[in-house]
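> Contents of query33.cif (mmCIF, C-alpha atoms) are below:
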data_structure
loop_
_atom_site.label_atom_id
_atom_site.label_comp_id
_atom_site.auth_asym_id
_atom_site.auth_seq_id
_atom_site.Cartn_x
_atom_site.Cartn_y
_atom_site.Cartn_z
CA MET N 219 132.16 104.13 201.46
CA LYS N 220 129.01 102.14 201.93
CA ARG N 221 126.89 105.02 200.75
CA SER N 222 128.92 105.56 197.62
CA ALA N 223 128.68 101.83 196.74
CA VAL N 224 124.92 101.88 197.16
CA ASP N 225 124.63 104.99 195.01
CA SER N 226 126.69 103.42 192.21
CA ARG N 227 124.53 100.28 192.12
CA SER N 228 121.39 102.41 192.00
CA TRP N 229 122.79 104.43 189.10
CA LEU N 230 123.67 101.22 187.21
CA SER N 231 120.20 99.76 187.61
CA GLU N 232 118.61 103.00 186.43
CA SER N 233 120.90 103.06 183.38
CA LEU N 234 120.01 99.50 182.43
CA LEU N 235 116.33 100.38 182.41
CA ILE N 236 116.92 102.72 179.46
CA PHE N 237 117.04 99.68 177.10
CA LYS N 238 114.48 96.88 177.22
CA PRO N 239 115.73 93.29 177.24
CA GLU N 240 114.05 92.67 173.85
CA THR N 241 116.07 95.50 172.34
CA ILE N 242 119.35 94.15 173.64
CA LEU N 243 118.53 90.66 172.35
CA LYS N 244 117.65 92.07 168.94
CA TRP N 245 120.97 93.88 168.80
CA HIS N 246 122.73 90.66 169.64
CA ARG N 247 120.95 88.73 166.95
CA ASP N 248 121.91 91.40 164.44
CA LEU N 249 125.55 91.18 165.47
CA VAL N 250 125.53 87.39 165.11
CA ARG N 251 123.88 87.65 161.68
CA ARG N 252 126.49 90.14 160.49
CA LYS N 253 129.29 87.98 161.78
CA TRP N 254 128.19 84.95 159.82
CA ALA N 255 127.30 87.00 156.80
CA LEU N 256 130.94 88.07 156.50
CA ARG N 257 132.08 84.44 156.65
CA ARG N 258 129.54 83.13 154.13
CA LYS N 259 130.92 82.90 150.61
CA ARG N 260 128.99 84.54 147.88
CA SER N 261 127.19 82.19 145.55
CA PRO N 262 128.40 82.56 141.96
CA GLY N 263 124.78 82.43 140.71
CA ARG N 264 123.44 80.85 137.54
CA LYS N 265 125.46 81.49 134.43
CA LYS N 266 123.70 83.62 131.84
CA ILE N 267 122.61 81.84 128.70
CA ASP N 268 124.29 82.76 125.44
CA PRO N 269 122.02 85.11 123.39
CA GLU N 270 122.69 83.01 120.29
CA LEU N 271 121.50 79.88 122.07
CA GLU N 272 118.41 81.66 123.39
CA THR N 273 117.57 82.77 119.85
CA LEU N 274 117.92 79.17 118.67
CA ILE N 275 115.59 77.89 121.41
CA VAL N 276 112.94 80.45 120.46
CA ARG N 277 113.34 79.57 116.79
CA LEU N 278 112.87 75.86 117.43
CA ALA N 279 109.75 76.53 119.48
CA ARG N 280 108.17 78.81 116.89
CA GLU N 281 109.00 76.65 113.89
CA ASN N 282 107.77 73.49 115.68
CA PRO N 283 104.65 74.39 117.68
CA ARG N 284 104.09 70.75 118.72
CA TRP N 285 107.53 70.40 120.32
CA GLY N 286 107.54 70.42 124.11
CA TYR N 287 110.39 71.28 126.48
CA GLY N 288 111.77 67.74 126.34
CA LYS N 289 111.77 67.58 122.55
CA ILE N 290 113.51 70.94 122.21
CA HIS N 291 115.99 69.93 124.92
CA GLY N 292 116.79 66.72 123.08
CA GLU N 293 117.27 68.54 119.80
CA LEU N 294 119.72 70.94 121.45
CA LEU N 295 121.69 68.04 122.93
CA GLU N 296 121.91 66.56 119.45
CA LEU N 297 123.30 69.91 118.28
CA SER N 298 125.99 69.73 121.03
CA TYR N 299 124.44 72.31 123.37
CA SER N 300 124.79 71.29 127.02
CA ILE N 301 121.88 72.86 128.88
CA GLY N 302 119.10 71.64 131.14
CA ARG N 303 115.44 71.14 130.37
CA SER N 304 114.51 73.79 132.92
CA THR N 305 116.62 76.32 131.01
CA VAL N 306 114.56 75.66 127.90
CA ARG N 307 111.41 76.19 129.94
CA ASP N 308 112.68 79.47 131.40
CA VAL N 309 113.72 80.80 127.99
CA LEU N 310 110.32 80.09 126.47
CA LYS N 311 108.51 81.69 129.40
CA ARG N 312 110.76 84.73 129.16
CA ASN N 313 109.86 85.07 125.48
CA MET N 314 106.13 84.69 126.16
CA LEU N 315 105.87 81.31 124.40
CA ALA N 316 103.18 79.12 125.89
CA PRO N 317 103.53 75.37 126.60
CA VAL N 318 102.83 72.85 123.86
CA PRO N 319 99.00 72.47 123.96
CA THR N 320 98.40 76.23 123.80
CA ARG N 321 101.30 77.00 121.49
CA GLY N 322 100.24 74.17 119.19
CA GLN N 323 96.78 75.70 118.83
CA LYS N 324 98.23 79.11 117.97
CA GLY N 325 100.98 77.75 115.81
CA GLY N 326 100.09 79.11 112.38
CA SER N 327 98.07 76.21 110.95
CA TRP N 328 97.10 78.45 108.01
CA ARG N 329 100.76 78.93 107.08
CA THR N 330 101.36 75.19 107.35
CA PHE N 331 98.40 74.58 105.06
CA LEU N 332 99.72 77.04 102.46
CA ASN N 333 103.21 75.56 102.52
CA HIS N 334 101.91 72.02 102.19
CA TYR N 335 99.53 72.66 99.28
CA LYS N 336 101.16 75.66 97.58
CA GLU N 337 101.91 73.74 94.37
CA GLN N 338 98.19 73.00 94.01
CA MET N 339 96.85 76.38 95.03
CA LEU N 340 95.66 79.59 93.37
CA ALA N 341 94.82 82.91 94.98
CA CYS N 342 92.83 85.78 93.50
CA ASP N 343 91.89 89.31 94.43
CA PHE N 344 90.68 92.67 93.16
CA PHE N 345 92.50 95.97 93.38
CA THR N 346 91.50 99.41 92.13
CA VAL N 347 93.29 101.99 90.01
CA GLU N 348 92.33 105.63 89.68
CA THR N 349 92.74 107.15 86.22
CA ALA N 350 94.03 110.64 85.51
CA TRP N 351 90.37 111.74 85.47
CA LEU N 352 89.67 110.06 88.86
CA LYS N 353 87.65 107.23 87.37
CA THR N 354 87.90 103.96 89.31
CA ILE N 355 88.89 100.81 87.43
CA TYR N 356 88.74 97.34 89.03
CA VAL N 357 91.45 94.78 88.23
CA LEU N 358 90.98 91.05 88.81
CA PHE N 359 93.98 88.73 88.84
CA PHE N 360 94.96 85.20 89.84
CA ILE N 361 98.35 84.06 91.14
CA GLU N 362 99.70 80.52 91.45
CA ILE N 363 101.19 80.27 94.93
CA GLY N 364 103.73 77.59 94.07
CA THR N 365 105.22 79.17 90.93
CA LYS N 366 104.22 82.83 91.61
CA ARG N 367 102.88 83.00 88.05
CA VAL N 368 100.24 85.71 87.59
CA HIS N 369 97.16 85.44 85.36
CA LEU N 370 95.63 88.83 84.57
CA ALA N 371 91.87 88.27 84.30
CA GLY N 372 90.85 91.74 83.15
CA CYS N 373 89.95 95.34 83.93
CA THR N 374 86.48 96.86 84.20
CA THR N 375 84.69 99.85 85.64
CA ASN N 376 81.67 97.68 86.53
CA PRO N 377 82.58 94.27 88.02
CA THR N 378 79.18 92.62 87.72
CA SER N 379 78.47 89.01 88.61
CA THR N 380 78.33 88.10 84.89
CA TRP N 381 81.72 89.68 84.20
CA VAL N 382 83.42 88.05 87.19
CA THR N 383 81.97 84.63 86.36
CA GLN N 384 83.22 84.91 82.78
CA GLN N 385 86.75 85.60 84.05
CA ALA N 386 86.56 82.37 86.05
CA ARG N 387 85.62 80.48 82.88
CA ASN N 388 88.50 82.08 80.98
CA LEU N 389 90.93 81.02 83.73
CA VAL N 390 89.68 77.42 83.64
CA TRP N 391 90.32 77.27 79.89
CA VAL N 392 93.86 78.60 80.34
CA LEU N 393 94.61 76.08 83.06
CA GLU N 394 93.31 73.22 80.93
CA ASP N 395 95.55 74.26 78.04
CA ASP N 396 98.59 74.46 80.35
CA ASP N 397 97.75 71.09 81.97
CA HIS N 398 97.79 72.55 85.49
CA LYS N 399 96.68 70.38 88.40
CA LEU N 400 95.33 72.94 90.84
CA ARG N 401 92.98 71.90 93.64
CA PHE N 402 92.35 75.01 95.74
CA LEU N 403 91.49 78.68 95.19
CA ILE N 404 91.77 81.29 97.93
CA HIS N 405 89.82 84.54 97.87
CA ASP N 406 88.44 86.94 100.45
CA ARG N 407 84.77 87.53 101.25
CA ASP N 408 84.28 90.35 98.77
CA ARG N 409 80.71 90.29 97.44
CA LYS N 410 82.03 90.47 93.90
CA PHE N 411 83.02 86.80 94.28
CA THR N 412 79.54 85.38 93.80
CA CYS N 413 78.21 81.84 94.08
CA THR N 414 78.29 81.48 90.28
CA PHE N 415 81.97 82.45 90.29
CA ASP N 416 82.69 79.74 92.88
CA GLY N 417 80.49 77.29 91.00
CA VAL N 418 82.60 77.50 87.84
CA LEU N 419 85.69 76.50 89.79
CA ILE N 420 83.95 73.83 91.85
CA SER N 421 82.73 72.21 88.63
CA GLU N 422 86.41 71.77 87.70
CA ASN N 423 87.16 70.07 91.06
CA ILE N 424 88.82 73.20 92.45
CA GLU N 425 87.87 73.74 96.09
CA VAL N 426 87.16 77.37 97.00
CA ILE N 427 88.54 78.54 100.36
CA GLN N 428 87.41 81.86 101.78
CA THR N 429 89.80 83.73 104.04
CA PRO N 430 88.71 84.79 107.55
CA PHE N 431 87.10 88.19 108.05
CA ARG N 432 89.51 91.14 108.18
CA ALA N 433 92.55 88.93 107.68
CA PRO N 434 94.52 90.27 104.68
CA LYS N 435 97.55 88.20 105.68
CA ALA N 436 95.58 85.05 104.92
CA ASN N 437 95.81 86.05 101.24
CA ALA N 438 99.38 87.32 101.58
CA PHE N 439 100.62 86.16 98.16
CA ALA N 440 97.97 88.14 96.32
CA GLU N 441 98.48 91.16 98.58
CA ARG N 442 102.22 91.03 97.95
CA TRP N 443 101.72 91.06 94.17
CA VAL N 444 99.45 94.10 94.43
CA ARG N 445 102.25 95.88 96.26
CA SER N 446 104.74 94.89 93.53
CA VAL N 447 102.58 96.03 90.63
CA ARG N 448 101.92 99.37 92.32
CA GLU N 449 105.53 100.11 93.28
CA GLU N 450 107.16 98.89 90.05
CA CYS N 451 104.50 99.85 87.53
CA LEU N 452 101.42 101.89 88.42
CA ASP N 453 103.16 104.43 90.66
CA GLN N 454 105.47 105.35 87.74
CA LEU N 455 102.76 106.58 85.35
CA LEU N 456 99.32 108.12 84.93
CA VAL N 457 96.59 105.79 83.71
CA LEU N 458 94.49 107.46 81.03
CA GLY N 459 91.71 104.92 80.76
CA GLN N 460 90.64 101.28 80.86
CA GLY N 461 92.30 100.35 77.58
CA HIS N 462 95.55 102.02 78.60
CA LEU N 463 95.54 100.20 81.95
CA CYS N 464 94.98 96.80 80.32
CA ARG N 465 97.93 97.32 77.94
CA VAL N 466 100.20 98.45 80.78
CA LEU N 467 99.27 95.53 83.04
CA ARG N 468 99.70 92.94 80.27
CA GLU N 469 103.20 94.22 79.55
CA TYR N 470 104.11 94.21 83.23
CA VAL N 471 102.67 90.71 83.82
CA ASP N 472 104.65 89.34 80.86
CA TYR N 473 107.83 90.81 82.34
CA TYR N 474 106.95 89.58 85.85
CA ASN N 475 106.28 86.01 84.70
CA GLN N 476 109.05 85.56 82.15
CA SER N 477 111.95 87.84 83.11
CA GLN N 478 111.88 88.93 86.76
CA PRO N 479 113.85 86.68 89.15
CA HIS N 480 112.14 85.94 92.48
CA GLN N 481 113.92 85.35 95.77
CA GLY N 482 111.24 82.87 96.85
CA LEU N 483 112.03 80.80 93.76
CA GLN N 484 115.82 80.83 94.29
CA GLN N 485 116.14 83.69 91.76
CA ARG N 486 114.21 81.82 89.07
CA THR N 487 111.33 83.22 87.03
CA PRO N 488 107.72 81.99 87.41
CA VAL N 489 107.79 80.73 83.82
CA PRO N 490 111.07 78.77 83.63
CA ILE N 491 113.60 79.91 81.07
CA THR N 492 114.34 76.98 78.77
CA GLU N 493 117.73 78.14 77.51
CA ILE N 494 120.19 80.51 79.19
CA GLU N 495 122.83 82.09 77.02
CA GLU N 496 126.25 81.98 78.67
CA GLU N 497 128.01 84.01 75.99
CA GLY N 498 127.11 87.00 73.89
CA GLU N 499 126.65 90.72 74.26
CA ILE N 500 124.56 91.92 77.23
CA CYS N 501 121.62 93.96 75.95
CA ARG N 502 118.90 95.96 77.64
CA ARG N 503 115.18 95.84 76.93
CA ASP N 504 113.03 98.71 78.14
CA VAL N 505 109.73 97.71 79.72
CA LEU N 506 106.87 100.20 80.18
CA GLY N 507 108.71 102.91 78.28
CA GLY N 508 111.88 102.53 80.33
CA SER N 509 110.33 102.37 83.82
CA ILE N 510 111.84 98.87 84.09
CA HIS N 511 115.06 97.65 82.48
CA ASP N 512 115.39 93.99 81.55
CA TYR N 513 118.87 92.64 80.72
CA TYR N 514 119.66 89.60 78.57
CA ARG N 515 122.41 88.14 76.41
CA MET N 516 122.24 88.38 72.66
CA ALA N 517 122.37 84.92 71.13
CA VAL N 518 125.63 84.16 69.38
CA ALA N 519 125.28 83.08 65.79
CA GLY N 520 126.32 79.45 65.35
#
Represent the structure of the file as structure tokens.


Amino acid sequence: MKRSAVDSRSWLSESLLIFKPETILKWHRDLVRRKWALRRKRSPGRKKIDPELETLIVRLARENPRWGYGKIHGELLELSYSIGRSTVRDVLKRNMLAPVPTRGQKGGSWRTFLNHYKEQMLACDFFTVETAWLKTIYVLFFIEIGTKRVHLAGCTTNPTSTWVTQQARNLVWVLEDDDHKLRFLIHDRDRKFTCTFDGVLISENIEVIQTPFRAPKANAFAERWVRSVREECLDQLLVLGQGHLCRVLREYVDYYNQSQPHQGLQQRTPVPITEIEEEGEICRRDVLGGSIHDYYRMAVAG
């Protein structure tokens, strides 16, 4: 009996040596952690923000580059949105919108300038047209940013400094007759816009503003009109020569200024229509040989 008891204790001690004390303690800690993990209630987490509200926060930040987190937060509270200032911060960071000082510097000062002075601003540009015989013709035009009215300066195969300067003089005479009060002219850094061209405008108290290098969007109004005249007019026909192109562009510009409604003008025309007939037969006028249809009411005899 004594021997068997001694043998059993020896076997037990040898068995316990299989596992180190550190291992057993680690197992115990794991068991305790699991026990309390089962008892701990899951946190509901932060409620996701409504996508519509997130879109609004981003809109406020982009439209108001000088507004900080607090200002946007206050504006949302005024609009009956109950969120925290930190939520505004997280949304802007998620949408890669920098804090106020940086965002204010990148905040489209050029666009703000255009919107503020658009009623006093002209833009001009050249574009080229290839004839049926692959001869290049240069077209110079001016557009009033506020009214979207286009002034066709002329067409030439050789836009020399003398020719371009004369078109500036012609424009000044037209503006004087129409009693326009324009203060700024935007054009790119094309070498065809010479110092004498700028000098004619400066002499009439019109400040010349050159767009940055390789920045066509800075002259977006002129670029947009070039797209319109190509899609609606020039892409629909073959130009036979300089005289043909001038006649076509004059007809299109008259339609564009006097008959075509513009979304940016609340569906009004650049040259306001003085009288709108509310009764009478609806008639169609073909522009450019039928490439464009213009509809109007026939005046009723009184």

> Using all atoms listed in the file, which protein or nucleic acid residues come within 9 Å of range 411-414 of chain N? Drop anything in the same chain fewer than 6 positions from it, and give the result as a PyMOL selection string.

chain N and resi 379-380+382-383+405

> As a check of understanding, name the residues that the PyMOL selection byres ((chain N and resi 512) around 6) selects in the supplied structure, as a ChimeraX atom specification.

/N:502-503,511,513

> In the coordinates of the file, take the point (110.2, 81.8, 89.0) and a cut-off of 6 Å; then, counting only C-alpha atoms, name each qualifying protein, DNA or RNA residue as a list in words.

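Returned residue set, sorted by chain then number, is Thr365, His480, Leu483, Arg486, Thr487, Pro488 and Val489 of chain N.
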
> Ranking N:Val426, N:Ala371, N:Ala436, N:Ile275 by minimum distance to Ile301 in chain N and counting all atoms listed in the file, which one comes first?

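Among the listed residues, N:Ile275 lies closest to Ile301 in chain N.
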
> Quick check, in Å to one decimal: how far apart do CA of Ala517 in chain N and CA of Tyr473 in chain N lie?

19.3 Å

> Taking 5 positions as the minimum chain separation for residues in the same chain, which residues sit within 9 Å of Asp406 in chain N when counting all atoms listed in the file? Answer as a ChimeraX atom specification.

/N:342-343,411,427-434,436-437

> Please compute the CA of Arg442 in chain N-CA of Gln485 in chain N distance, one decimal, in Å.

16.9 Å

> Translate the PyMOL selection byres ((chain N and resi 303) around 12) into a concrete residue list for this structure, as a list in words.

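Answer for the PyMOL selection byres ((chain N and resi 303) around 12): Ile275, Gly286, Tyr287, Gly288, Lys289, Ile290, His291, Gly292, Glu293, Leu294, Leu295, Tyr299, Ser300, Ile301, Gly302, Ser304, Thr305, Val306, Arg307, Asp308, Val309 and Leu310 of chain N.
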
> If I take CA of Gln460 in chain N and CA of Arg448 in chain N, how far is one from the other in Å, to one decimal?

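Answer for the CA of Gln460 in chain N to CA of Arg448 in chain N separation: 16.2 Å.
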
> Taking all atoms listed in the file into account, name the residue in N:Val505, N:Phe344, N:Leu456, N:Glu296 that is nearest to Arg409 in chain N.

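Of N:Val505, N:Phe344, N:Leu456, N:Glu296, the one nearest Arg409 in chain N is N:Phe344, counting all atoms listed in the file.
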
> Can you give me, as a list in words, the residues this file yields under the PyMOL selection byres ((chain N and resi 423) around 12)?

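The output of the PyMOL selection byres ((chain N and resi 423) around 12) on this file is Gln338, Val390, Lys399, Leu400, Arg401, Phe402, Leu403, Asp416, Gly417, Val418, Leu419, Ile420, Ser421, Glu422, Ile424, Glu425 and Val426 of chain N.
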
> Limited to C-alpha atoms, could you put the picked residues into a file as a compact mmCIF listing (two decimals), keeping the file's coordinate frame?


# COMPACT_ATOMS: atom_id res chain seq x y z
CA GLN N 338 98.19 73.00 94.01
CA VAL N 390 89.68 77.42 83.64
CA LYS N 399 96.68 70.38 88.40
CA LEU N 400 95.33 72.94 90.84
CA ARG N 401 92.98 71.90 93.64
CA PHE N 402 92.35 75.01 95.74
CA LEU N 403 91.49 78.68 95.19
CA ASP N 416 82.69 79.74 92.88
CA GLY N 417 80.49 77.29 91.00
CA VAL N 418 82.60 77.50 87.84
CA LEU N 419 85.69 76.50 89.79
CA ILE N 420 83.95 73.83 91.85
CA SER N 421 82.73 72.21 88.63
CA GLU N 422 86.41 71.77 87.70
CA ILE N 424 88.82 73.20 92.45
CA GLU N 425 87.87 73.74 96.09
CA VAL N 426 87.16 77.37 97.00
